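Everything below belongs to structure-v4.tsv, which stores TSV, C-alpha atoms.
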```
chain	number	residue	atom	x	y	z
A	275	MET	CA	90.64	139.64	101.41
A	276	PRO	CA	93.45	140.73	99.04
A	277	SER	CA	92.60	143.09	96.20
A	278	MET	CA	92.66	141.91	92.58
A	279	VAL	CA	95.79	144.00	92.02
A	280	ASP	CA	97.54	142.21	94.89
A	281	LEU	CA	96.44	138.85	93.52
A	282	TRP	CA	97.67	139.64	90.01
A	283	ARG	CA	101.06	140.83	91.23
A	284	ASN	CA	101.68	137.59	93.14
A	285	LEU	CA	100.47	135.10	90.52
A	286	PRO	CA	103.21	132.76	89.26
A	287	THR	CA	101.87	133.11	85.71
A	288	GLU	CA	102.47	136.88	85.92
A	289	THR	CA	105.97	136.78	87.37
A	290	ARG	CA	109.24	136.93	85.50
A	291	HIS	CA	110.85	133.74	84.23
A	292	GLU	CA	114.50	133.56	85.26
A	293	GLU	CA	115.60	131.92	82.00
A	294	SER	CA	113.96	134.54	79.79
A	295	ARG	CA	115.48	137.69	81.30
A	296	GLU	CA	117.49	138.21	78.12
A	297	LEU	CA	114.87	136.70	75.79
A	298	ASP	CA	115.11	139.45	73.20
A	299	SER	CA	118.86	138.93	72.87
A	300	LEU	CA	118.72	135.15	72.36
A	301	SER	CA	118.99	133.51	68.96
A	302	THR	CA	115.80	132.20	67.36
A	303	ASP	CA	117.00	128.64	68.00
A	304	GLN	CA	117.47	129.44	71.68
A	305	VAL	CA	114.04	131.08	71.98
A	306	VAL	CA	112.34	128.08	70.37
A	307	ALA	CA	114.28	125.61	72.53
A	308	LEU	CA	113.30	127.48	75.69
A	309	LEU	CA	109.63	127.63	74.70
A	310	LEU	CA	109.47	123.92	73.92
A	311	GLU	CA	111.30	122.97	77.10
A	312	GLU	CA	108.80	124.99	79.12
A	313	ASP	CA	105.93	123.25	77.33
A	314	ARG	CA	107.41	119.94	78.46
A	315	ARG	CA	107.48	121.23	82.03
A	316	GLY	CA	103.86	122.26	81.67
A	317	LEU	CA	102.89	118.73	80.67
A	318	GLU	CA	104.79	117.40	83.68
A	319	ALA	CA	102.70	119.71	85.89
A	320	ALA	CA	99.54	118.28	84.33
A	321	SER	CA	100.81	114.72	84.82
A	322	ALA	CA	101.41	115.43	88.50
A	323	GLN	CA	97.65	116.00	88.84
A	324	GLY	CA	96.75	112.70	87.20
A	325	LYS	CA	94.54	111.44	90.05
A	326	ALA	CA	92.54	114.66	90.20
A	327	ILE	CA	92.16	114.68	86.41
A	328	ALA	CA	90.90	111.09	86.59
A	329	GLN	CA	88.36	112.15	89.23
A	330	ALA	CA	87.09	114.90	86.94
A	331	ALA	CA	86.79	112.38	84.10
A	332	GLU	CA	84.76	110.02	86.30
A	333	TRP	CA	82.41	112.85	87.23
A	334	VAL	CA	81.95	113.82	83.59
A	335	ALA	CA	81.19	110.22	82.63
A	336	GLU	CA	78.73	109.83	85.50
A	337	GLY	CA	76.99	113.10	84.68
A	338	LEU	CA	76.61	112.33	80.99
A	339	ALA	CA	75.39	108.80	81.77
A	340	LYS	CA	72.63	110.30	83.92
A	341	GLY	CA	71.56	112.64	81.13
A	342	GLY	CA	73.46	115.64	82.40
A	343	ASP	CA	75.67	118.02	80.45
A	344	LEU	CA	79.31	119.06	80.56
A	345	ILE	CA	79.84	122.81	80.41
A	346	LEU	CA	83.28	124.35	79.90
A	347	VAL	CA	83.57	128.00	80.92
A	348	GLY	CA	86.43	130.43	80.57
A	349	ALA	CA	87.78	133.73	79.28
A	350	GLY	CA	90.55	134.52	76.82
A	351	THR	CA	92.86	131.61	76.03
A	352	SER	CA	91.22	129.50	78.73
A	353	GLY	CA	87.81	130.03	77.18
A	354	ARG	CA	89.05	129.27	73.67
A	355	LEU	CA	90.57	126.00	74.87
A	356	GLY	CA	87.16	125.09	76.30
A	357	VAL	CA	85.51	125.94	72.98
A	358	LEU	CA	88.03	123.79	71.11
A	359	GLU	CA	87.47	120.84	73.43
A	360	ALA	CA	83.69	121.04	73.12
A	361	ALA	CA	83.88	121.40	69.33
A	362	GLU	CA	86.07	118.32	68.94
A	363	CYS	CA	83.90	115.90	70.93
A	364	PRO	CA	81.00	115.45	68.45
A	365	PRO	CA	83.10	114.35	65.44
A	366	THR	CA	85.42	112.24	67.59
A	367	PHE	CA	82.91	110.58	69.89
A	368	GLY	CA	79.54	111.18	68.26
A	369	THR	CA	78.31	113.28	71.19
A	370	ASP	CA	75.39	115.70	70.99
A	371	PRO	CA	76.88	119.23	70.78
A	372	ARG	CA	74.19	120.36	73.23
A	373	ARG	CA	75.48	117.92	75.85
A	374	ILE	CA	79.11	119.04	75.82
A	375	ARG	CA	79.29	122.76	75.25
A	376	ALA	CA	81.49	125.73	75.98
A	377	VAL	CA	80.71	129.24	77.15
A	378	MET	CA	83.17	132.03	76.42
A	379	ALA	CA	83.34	135.33	78.29
A	380	GLY	CA	82.25	137.97	75.79
A	381	GLY	CA	80.17	135.55	73.72
A	382	ARG	CA	80.84	133.82	70.41
A	383	GLU	CA	82.61	136.83	68.89
A	384	ALA	CA	85.26	136.66	71.60
A	385	VAL	CA	86.39	133.27	70.30
A	386	PHE	CA	87.90	134.98	67.26
A	387	ARG	CA	88.59	138.48	68.52
A	388	SER	CA	89.58	139.47	72.03
A	389	ARG	CA	86.95	141.37	74.02
A	390	GLU	CA	88.92	142.90	76.83
A	391	GLY	CA	87.04	143.39	80.06
A	392	ALA	CA	84.60	140.51	79.49
A	393	GLU	CA	86.52	138.34	81.95
A	394	ASP	CA	86.01	140.91	84.72
A	395	ARG	CA	82.21	140.57	84.78
A	396	ARG	CA	81.43	138.09	87.55
A	397	GLU	CA	77.67	138.41	87.05
A	398	ASP	CA	78.02	137.38	83.41
A	399	GLY	CA	79.67	134.19	84.58
A	400	ARG	CA	76.75	133.54	86.91
A	401	GLU	CA	74.17	134.17	84.21
A	402	VAL	CA	75.65	131.91	81.52
A	403	VAL	CA	75.18	128.81	83.69
A	404	ALA	CA	71.83	129.75	85.22
A	405	ASP	CA	70.16	126.72	83.59
A	406	LEU	CA	72.43	124.08	85.16
A	407	VAL	CA	70.96	121.23	87.24
A	408	ALA	CA	72.39	118.75	89.73
A	409	LYS	CA	73.36	116.10	87.15
A	410	ASP	CA	75.50	118.58	85.17
A	411	VAL	CA	79.26	119.11	85.49
A	412	LEU	CA	80.92	122.50	85.16
A	413	ILE	CA	84.62	122.86	84.42
A	414	SER	CA	85.62	126.47	84.97
A	415	ILE	CA	88.96	127.21	83.30
A	416	SER	CA	91.11	130.03	84.63
A	417	ALA	CA	94.86	129.88	84.07
A	418	SER	CA	95.40	132.63	86.63
A	419	SER	CA	92.84	131.15	89.07
A	420	VAL	CA	91.29	134.57	89.80
A	421	THR	CA	89.18	135.38	86.71
A	422	PRO	CA	85.88	136.89	87.99
A	423	PHE	CA	83.84	135.44	85.08
A	424	ALA	CA	85.09	131.92	85.88
A	425	HIS	CA	84.40	132.33	89.59
A	426	GLY	CA	80.92	133.67	88.95
A	427	ALA	CA	80.13	130.53	86.95
A	428	LEU	CA	81.41	128.35	89.77
A	429	GLU	CA	79.25	130.15	92.34
A	430	SER	CA	76.12	129.82	90.24
A	431	ALA	CA	76.73	126.15	89.39
A	432	ARG	CA	77.32	125.20	93.02
A	433	GLU	CA	74.11	126.92	94.08
A	434	ARG	CA	72.27	124.68	91.60
A	435	GLY	CA	73.89	121.51	92.88
A	436	ALA	CA	76.02	120.80	89.81
A	437	ARG	CA	79.45	119.30	90.28
A	438	THR	CA	82.18	121.87	89.79
A	439	VAL	CA	85.83	121.78	88.80
A	440	LEU	CA	88.28	124.70	88.74
A	441	LEU	CA	91.06	124.03	86.25
A	442	THR	CA	93.90	126.47	86.82
A	443	CYS	CA	97.63	126.78	86.17
A	444	ALA	CA	98.28	128.51	89.49
A	445	ALA	CA	99.43	126.71	92.61
A	446	ALA	CA	96.84	125.56	95.13
A	447	ARG	CA	96.44	128.08	97.94
A	448	LYS	CA	94.14	128.87	100.83
A	449	GLU	CA	92.01	131.36	98.86
A	450	LEU	CA	90.98	128.61	96.44
A	451	GLU	CA	89.75	126.22	99.11
A	452	GLY	CA	86.05	125.53	98.66
A	453	VAL	CA	85.54	127.52	95.45
A	454	ALA	CA	84.87	124.26	93.57
A	455	ASP	CA	84.17	120.64	94.41
A	456	LEU	CA	87.48	119.73	92.77
A	457	LEU	CA	90.57	121.90	92.32
A	458	LEU	CA	92.87	121.01	89.43
A	459	ALA	CA	95.90	123.21	90.12
A	460	LEU	CA	98.50	122.41	87.46
A	461	ASP	CA	101.05	124.89	88.89
A	462	THR	CA	102.94	125.52	85.64
A	463	GLY	CA	104.87	128.49	87.05
A	464	PRO	CA	106.15	131.61	85.26
A	465	GLU	CA	105.80	131.89	81.48
A	466	VAL	CA	108.73	132.58	79.16
A	467	LEU	CA	106.74	135.64	78.10
A	468	ALA	CA	105.50	136.90	81.47
A	469	GLY	CA	101.73	136.65	81.75
A	470	SER	CA	101.20	134.99	78.37
A	471	THR	CA	99.24	131.94	79.49
A	472	ARG	CA	98.61	130.87	75.91
A	473	LEU	CA	102.10	129.32	76.15
A	474	LYS	CA	103.01	126.69	78.77
A	475	ALA	CA	99.79	127.12	80.74
A	476	GLY	CA	97.73	126.76	77.57
A	477	SER	CA	99.51	123.53	76.62
A	478	ALA	CA	99.02	122.06	80.09
A	479	THR	CA	95.37	123.08	80.15
A	480	LYS	CA	94.73	121.52	76.74
A	481	ALA	CA	96.41	118.29	77.87
A	482	ALA	CA	94.24	118.14	80.99
A	483	LEU	CA	91.05	118.78	79.03
A	484	ASN	CA	92.03	116.13	76.46
A	485	ALA	CA	92.58	113.63	79.26
A	486	ILE	CA	89.30	114.46	81.01
A	487	THR	CA	87.05	114.15	77.96
A	488	THR	CA	88.82	111.18	76.41
A	489	ALA	CA	88.90	109.20	79.66
A	490	ALA	CA	85.21	110.00	80.20
A	491	MET	CA	84.38	108.72	76.72
A	492	VAL	CA	86.32	105.52	77.41
A	493	ARG	CA	84.17	104.99	80.52
A	494	LEU	CA	81.01	105.65	78.48
A	495	GLY	CA	81.85	102.93	75.95
A	496	LYS	CA	82.62	105.30	73.10
A	497	VAL	CA	86.03	103.68	72.67
A	498	PHE	CA	86.88	100.08	71.82
A	499	GLU	CA	90.48	98.96	72.05
A	500	GLY	CA	92.25	102.09	70.78
A	501	TYR	CA	89.54	103.16	68.35
A	502	MET	CA	86.94	105.93	68.36
A	503	VAL	CA	83.97	103.70	67.57
A	504	ASP	CA	81.31	106.39	67.96
A	505	LEU	CA	82.87	108.81	65.50
A	506	SER	CA	80.63	110.69	63.09
A	507	PRO	CA	81.98	109.96	59.56
A	508	GLY	CA	81.05	113.31	58.07
A	509	SER	CA	84.03	113.77	55.75
A	510	GLU	CA	86.01	111.66	53.30
A	511	LYS	CA	88.84	111.34	55.81
A	512	LEU	CA	86.50	110.21	58.57
A	513	ARG	CA	84.69	107.79	56.28
A	514	ASP	CA	88.03	106.23	55.38
A	515	ARG	CA	88.91	106.10	59.08
A	516	ALA	CA	85.63	104.33	59.79
A	517	VAL	CA	86.50	101.68	57.20
A	518	ARG	CA	89.94	101.17	58.73
A	519	ILE	CA	88.46	100.91	62.24
A	520	VAL	CA	85.90	98.30	61.19
A	521	GLU	CA	88.55	96.43	59.25
A	522	ALA	CA	90.89	96.23	62.27
A	523	ALA	CA	88.41	95.91	65.13
A	524	GLY	CA	85.94	93.76	63.20
A	525	ARG	CA	88.73	91.55	61.82
A	526	VAL	CA	87.47	91.77	58.24
A	527	SER	CA	88.85	92.85	54.88
A	528	PRO	CA	88.53	96.46	53.69
A	529	GLU	CA	85.88	95.37	51.19
A	530	VAL	CA	83.79	93.65	53.86
A	531	ALA	CA	84.26	96.62	56.17
A	532	ARG	CA	82.74	98.91	53.53
A	533	GLU	CA	79.84	96.50	53.03
A	534	LEU	CA	79.16	96.34	56.77
A	535	LEU	CA	79.23	100.12	57.11
A	536	SER	CA	76.90	100.46	54.14
A	537	ALA	CA	74.51	97.93	55.68
A	538	THR	CA	74.45	99.84	58.98
A	539	GLY	CA	74.25	103.36	57.59
A	540	GLY	CA	77.73	104.13	58.85
A	541	GLU	CA	77.34	102.73	62.39
A	542	VAL	CA	80.88	101.73	63.30
A	543	LYS	CA	79.96	99.86	66.49
A	544	THR	CA	77.28	97.81	64.78
A	545	ALA	CA	79.58	97.00	61.87
A	546	ILE	CA	82.29	95.76	64.26
A	547	VAL	CA	79.89	93.45	66.11
A	548	MET	CA	78.52	92.18	62.79
A	549	GLY	CA	82.01	91.40	61.59
A	550	ARG	CA	83.17	89.70	64.78
A	551	ARG	CA	79.97	87.79	65.55
A	552	GLY	CA	78.79	87.08	62.01
A	553	GLN	CA	75.36	88.53	62.80
A	554	SER	CA	72.85	90.71	61.03
A	555	ALA	CA	72.67	94.45	61.67
A	556	GLU	CA	69.50	93.97	63.69
A	557	ALA	CA	71.06	91.30	65.89
A	558	ALA	CA	74.24	93.35	66.37
A	559	ARG	CA	72.21	96.41	67.36
A	560	GLY	CA	70.27	94.32	69.85
A	561	ARG	CA	73.48	93.01	71.36
A	562	LEU	CA	74.82	96.55	71.68
A	563	GLU	CA	71.58	97.80	73.19
A	564	GLN	CA	71.71	95.11	75.86
A	565	SER	CA	75.32	96.09	76.55
A	566	ALA	CA	74.61	99.83	76.91
A	567	GLY	CA	76.49	100.53	73.68
A	568	ASN	CA	79.72	98.99	74.94
A	569	VAL	CA	81.38	97.04	72.12
A	570	ARG	CA	83.57	94.90	74.36
A	571	ARG	CA	80.62	93.77	76.49
A	572	ALA	CA	78.54	93.17	73.36
A	573	LEU	CA	81.23	90.90	71.94
A	574	GLU	CA	81.69	89.04	75.22
A	575	LYS	CA	77.97	88.53	75.69
A	576	SER	CA	77.10	84.85	75.29
A	577	GLY	CA	74.34	83.50	73.08
A	578	SER	CA	72.45	85.13	70.23
A	579	VAL	CA	70.26	88.20	70.36
```

Let me see the structure of the file written as C-alpha cells.
Amino acid sequence: MPSMVDLWRNLPTETRHEESRELDSLSTDQVVALLLEEDRRGLEAASAQGKAIAQAAEWVAEGLAKGGDLILVGAGTSGRLGVLEAAECPPTFGTDPRRIRAVMAGGREAVFRSREGAEDRREDGREVVADLVAKDVLISISASSVTPFAHGALESARERGARTVLLTCAAARKELEGVADLLLALDTGPEVLAGSTRLKAGSATKAALNAITTAAMVRLGKVFEGYMVDLSPGSEKLRDRAVRIVEAAGRVSPEVARELLSATGGEVKTAIVMGRRGQSAEAARGRLEQSAGNVRRALEKSGSV
C-alpha cells in the first residue's frame, strides 16, 4: 500500500500544468484566458461522466422517495461545495434541510475559515455519518481522491448499508476500486495553480453536484416543464418568481396568478393545477396528492377529484 506522501506526489491535481510554467510572467489577460479555458476542460471532464452522474441522481431520488437522506461529505473546497449544494436545495426545491445536508471536516467553523489538519482525521469522517441507514445516500467529495476524512465517511456509510458515491477529480485507478458503490472520477488533470483544486476541479465538482441534485428533483416531481414548482417563496424575488411560474405554467394572467397563489398560501403546484384545470384549491390538492405531487401527472389525470 503506497504511503500518503507517495499518493500526493503522483496525483494529477498536484502536478505541474505545462501551460502555466511561466504563469507569473504572463499578462493578466493571458492568465484569465488560461484559467477560463481550463474551467471549460473541467466541465468536459464532468460531461464525460454523464452516465455515472445520472446513476447517482437516480440513487438520490430513490433514497429520498423512500424517506432516506442525502449526505454530502468533504473537506476544504470539496466540503464547502457540498455545503453550498445542500444549502441551495431548500429554497430551490422546497426540500427539508434535514433531508439533504452537508458535513464539513472541521465542523461549521471550517466553512468560513480553513482548519488545516481536519481532513486528515479518518475517524472523524466515520463518526459524522454514524447515524446513516440503508435508505440513505452518501456522496463523499474528495478532489484528490485520497482525503482520509472522506474515506472514513465512506467506510462507515457502507458498513451501515447506505449507498455510497465517491466524487473525485482524480483519474480512476486500482486503489479506488471498491471504496464506494459508485466512483465518479472526473479526471480534470493538473491545475493552472498546482494543487489548487478550488479552480478547475472545483468547477467540475460543482457542475456534477448541480446535475445530481437537479436531476434527482426532476425525478421526484419537484420540476414541471422548466420551472422549480416546489420553490419556497421566502423573499420578494422568489415571490415574484412564483407569480411568473404560475402565470406561465398555469396559463393565466399575472393578476390571476397572484390570486391563485394567495388562495393556496403560496403553493405553486396547487396554483398551477387550479389555473390549468379551473378547479378549487381543495380539488387541485387532491389531484396532486393522487399523483404523488407530480404536476404533469396531475394535469393529465382524467376526471374530477

- Message: Is it possible to get the residues within 12 Å of (87.1, 111.2, 75.8) (coordinates as in the file, counting all atoms listed in the file) written as a VMD selection string?
- Response: chain A and resid 328 330 to 332 334 to 335 338 359 to 360 362 to 369 374 481 to 498 500 to 505

Contacts of range 411-500 of chain A with range 346-353 of chain A up to 6 Å, shortest pair per row, all atoms listed in the file, as a tab-separated table:
```
residue	atom	partner	partner_atom	distance
A:Ile413	CA	A:Leu346	CA	4.9
A:Ser414	CA	A:Val347	CA	4.8
A:Ile415	CA	A:Gly348	CA	4.9
A:Ser416	CA	A:Ser352	CA	5.9
A:Ala424	CA	A:Gly348	CA	5.7
A:Arg472	CA	A:Thr351	CA	5.8
```

Output file for the residues above (C-alpha atoms, as an mmCIF file, keeping the file's coordinate frame):
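Output contents, as saved in selection.cif:
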```cif
data_model
loop_
_atom_site.group_PDB
_atom_site.id
_atom_site.type_symbol
_atom_site.label_atom_id
_atom_site.label_comp_id
_atom_site.auth_asym_id
_atom_site.auth_seq_id
_atom_site.Cartn_x
_atom_site.Cartn_y
_atom_site.Cartn_z
ATOM 1 C CA ILE A 413 84.620 122.860 84.420
ATOM 2 C CA SER A 414 85.620 126.470 84.970
ATOM 3 C CA ILE A 415 88.960 127.210 83.300
ATOM 4 C CA SER A 416 91.110 130.030 84.630
ATOM 5 C CA ALA A 424 85.090 131.920 85.880
ATOM 6 C CA ARG A 472 98.610 130.870 75.910
#
```

- Message: From the options A:Ala427, A:Val357, A:Ala475, A:Ala339, which residue's atoms come nearest to Ala319 in chain A, counting all atoms listed in the file?
- Response: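 Under the stated criterion, the closest residue is A:Ala475.
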
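Closest approach to Val453 in chain A among A:Ser470, A:Ser477, A:Ser419, A:Ser527: A:Ser419, based on all atoms listed in the file.
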
Which residues are close to Glu529 in chain A, i.e. within 12 Å by all atoms listed in the file, leaving aside same-chain residues fewer than 6 positions away? Reply as a short mmCIF file (atom, residue, chain, number, x, y, z; two decimals) with C-alpha atoms, in the frame of the given file.
```cif
data_model
loop_
_atom_site.label_atom_id
_atom_site.label_comp_id
_atom_site.auth_asym_id
_atom_site.auth_seq_id
_atom_site.Cartn_x
_atom_site.Cartn_y
_atom_site.Cartn_z
CA ASP A 514 88.03 106.23 55.38
CA VAL A 517 86.50 101.68 57.20
CA ARG A 518 89.94 101.17 58.73
CA VAL A 520 85.90 98.30 61.19
CA GLU A 521 88.55 96.43 59.25
CA LEU A 535 79.23 100.12 57.11
CA SER A 536 76.90 100.46 54.14
CA GLY A 549 82.01 91.40 61.59
#
```

- Task: Figure out the distance between CA of Leu358 in chain A and CA of Arg396 in chain A, please, to one decimal in Å.
- Result: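 So the answer is 22.8 Å.
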
- Message: Under the rule that all atoms listed in the file are counted, which of A:Glu292, A:Arg434, A:Val569, A:Arg532 is the nearest residue to Arg515 in chain A?
- Response: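 Using all atoms listed in the file, the shortest distance to Arg515 in chain A belongs to A:Arg532.
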
- Rank A:Ile546, A:Ala446, A:Val530, A:Leu309 by their smallest atom-to-atom distance to Asn568 in chain A, using all atoms listed in the file, and report the top residue only.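 Going through A:Ile546, A:Ala446, A:Val530, A:Leu309 one by one, the smallest distance to Asn568 in chain A is for A:Ile546.
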
- Spatial neighbours of Glu311 in chain A, 12 Å, only C-alpha atoms, chain gap at least 5 places, as a PyMOL selection string: chain A and resi 293+304-306+316-318+465-466+473-474+477

Save out the residues we just selected, C-alpha atoms, as a PDB file, in the coordinates of the input.
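What follows is the written file selection-v2.pdb:
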```pdb
ATOM      1  CA  GLU A 293     115.600 131.920  82.000  1.00  0.00           C
ATOM      2  CA  GLN A 304     117.470 129.440  71.680  1.00  0.00           C
ATOM      3  CA  VAL A 305     114.040 131.080  71.980  1.00  0.00           C
ATOM      4  CA  VAL A 306     112.340 128.080  70.370  1.00  0.00           C
ATOM      5  CA  GLY A 316     103.860 122.260  81.670  1.00  0.00           C
ATOM      6  CA  LEU A 317     102.890 118.730  80.670  1.00  0.00           C
ATOM      7  CA  GLU A 318     104.790 117.400  83.680  1.00  0.00           C
ATOM      8  CA  GLU A 465     105.800 131.890  81.480  1.00  0.00           C
ATOM      9  CA  VAL A 466     108.730 132.580  79.160  1.00  0.00           C
ATOM     10  CA  LEU A 473     102.100 129.320  76.150  1.00  0.00           C
ATOM     11  CA  LYS A 474     103.010 126.690  78.770  1.00  0.00           C
ATOM     12  CA  SER A 477      99.510 123.530  76.620  1.00  0.00           C
TER      13      SER A 477
END
```

- Note on the structure: Between A:Gly463, A:Gly356, A:Gly567, A:Gly342, smallest distance to Lys543 in chain A by only C-alpha atoms belongs to A:Gly567

- Message: So that I can check the surroundings of Leu467 in chain A, please list as a PyMOL selection string every protein, DNA and RNA residue that reaches within 8 Å of it, counting only C-alpha atoms and ignoring chain neighbours fewer than 6 positions away.
- Response: chain A and resi 290-291+294

- Message: Could you check the closest approach to Asp405 in chain A for each of A:Gly435, A:Pro528, A:Gly539, A:Gly452 and tell me which residue wins, using only C-alpha atoms?
- Response: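 Comparing A:Gly435, A:Pro528, A:Gly539, A:Gly452 against Asp405 in chain A, the winner is A:Gly435.
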
Fill-in result for range 447-465 of chain A, N, CA, C and O atoms as an mmCIF file, in the coordinates of the input:
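The new file selection06.cif reads:
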```cif
data_model
loop_
_atom_site.group_PDB
_atom_site.id
_atom_site.type_symbol
_atom_site.label_atom_id
_atom_site.label_comp_id
_atom_site.auth_asym_id
_atom_site.auth_seq_id
_atom_site.Cartn_x
_atom_site.Cartn_y
_atom_site.Cartn_z
ATOM 1 N N ARG A 447 96.198 127.192 96.802
ATOM 2 C CA ARG A 447 96.440 128.080 97.940
ATOM 3 C C ARG A 447 95.154 128.245 98.727
ATOM 4 O O ARG A 447 94.071 127.857 98.269
ATOM 5 N N LYS A 448 95.258 128.805 99.898
ATOM 6 C CA LYS A 448 94.140 128.870 100.830
ATOM 7 C C LYS A 448 92.917 129.559 100.209
ATOM 8 O O LYS A 448 91.782 129.140 100.435
ATOM 9 N N GLU A 449 93.143 130.604 99.422
ATOM 10 C CA GLU A 449 92.010 131.360 98.860
ATOM 11 C C GLU A 449 91.155 130.519 97.901
ATOM 12 O O GLU A 449 90.004 130.865 97.638
ATOM 13 N N LEU A 450 91.718 129.440 97.396
ATOM 14 C CA LEU A 450 90.980 128.610 96.440
ATOM 15 C C LEU A 450 90.228 127.465 97.107
ATOM 16 O O LEU A 450 89.477 126.754 96.442
ATOM 17 N N GLU A 451 90.441 127.291 98.399
ATOM 18 C CA GLU A 451 89.750 126.220 99.110
ATOM 19 C C GLU A 451 88.240 126.446 99.090
ATOM 20 O O GLU A 451 87.761 127.511 99.460
ATOM 21 N N GLY A 452 87.512 125.459 98.630
ATOM 22 C CA GLY A 452 86.050 125.530 98.660
ATOM 23 C C GLY A 452 85.406 126.275 97.513
ATOM 24 O O GLY A 452 84.177 126.373 97.469
ATOM 25 N N VAL A 453 86.182 126.800 96.557
ATOM 26 C CA VAL A 453 85.540 127.520 95.450
ATOM 27 C C VAL A 453 84.944 126.555 94.436
ATOM 28 O O VAL A 453 84.088 126.928 93.637
ATOM 29 N N ALA A 454 85.400 125.295 94.468
ATOM 30 C CA ALA A 454 84.870 124.260 93.570
ATOM 31 C C ALA A 454 84.924 122.927 94.301
ATOM 32 O O ALA A 454 85.656 122.766 95.279
ATOM 33 N N ASP A 455 84.149 121.967 93.802
ATOM 34 C CA ASP A 455 84.170 120.640 94.410
ATOM 35 C C ASP A 455 85.523 119.961 94.185
ATOM 36 O O ASP A 455 85.945 119.130 94.987
ATOM 37 N N LEU A 456 86.173 120.314 93.079
ATOM 38 C CA LEU A 456 87.480 119.730 92.770
ATOM 39 C C LEU A 456 88.390 120.822 92.215
ATOM 40 O O LEU A 456 88.014 121.539 91.292
ATOM 41 N N LEU A 457 89.583 120.939 92.786
ATOM 42 C CA LEU A 457 90.570 121.900 92.320
ATOM 43 C C LEU A 457 91.648 121.168 91.536
ATOM 44 O O LEU A 457 92.316 120.274 92.070
ATOM 45 N N LEU A 458 91.797 121.538 90.267
ATOM 46 C CA LEU A 458 92.870 121.010 89.430
ATOM 47 C C LEU A 458 93.900 122.122 89.256
ATOM 48 O O LEU A 458 93.802 122.942 88.343
ATOM 49 N N ALA A 459 94.871 122.167 90.140
ATOM 50 C CA ALA A 459 95.900 123.210 90.120
ATOM 51 C C ALA A 459 97.153 122.645 89.468
ATOM 52 O O ALA A 459 97.902 121.886 90.100
ATOM 53 N N LEU A 460 97.392 122.993 88.209
ATOM 54 C CA LEU A 460 98.500 122.410 87.460
ATOM 55 C C LEU A 460 99.846 123.037 87.811
ATOM 56 O O LEU A 460 100.885 122.448 87.539
ATOM 57 N N ASP A 461 99.844 124.227 88.380
ATOM 58 C CA ASP A 461 101.050 124.890 88.890
ATOM 59 C C ASP A 461 102.193 124.881 87.866
ATOM 60 O O ASP A 461 103.271 124.336 88.107
ATOM 61 N N THR A 462 101.949 125.509 86.722
ATOM 62 C CA THR A 462 102.940 125.520 85.640
ATOM 63 C C THR A 462 104.040 126.563 85.854
ATOM 64 O O THR A 462 105.067 126.517 85.178
ATOM 65 N N GLY A 463 103.831 127.509 86.753
ATOM 66 C CA GLY A 463 104.870 128.490 87.050
ATOM 67 C C GLY A 463 104.946 129.622 86.052
ATOM 68 O O GLY A 463 104.076 129.781 85.188
ATOM 69 N N PRO A 464 106.003 130.432 86.126
ATOM 70 C CA PRO A 464 106.150 131.610 85.260
ATOM 71 C C PRO A 464 106.238 131.224 83.778
ATOM 72 O O PRO A 464 106.779 130.168 83.430
ATOM 73 N N GLU A 465 105.726 132.098 82.925
ATOM 74 C CA GLU A 465 105.800 131.890 81.480
ATOM 75 C C GLU A 465 107.081 132.538 80.931
ATOM 76 O O GLU A 465 107.582 133.519 81.487
#
```
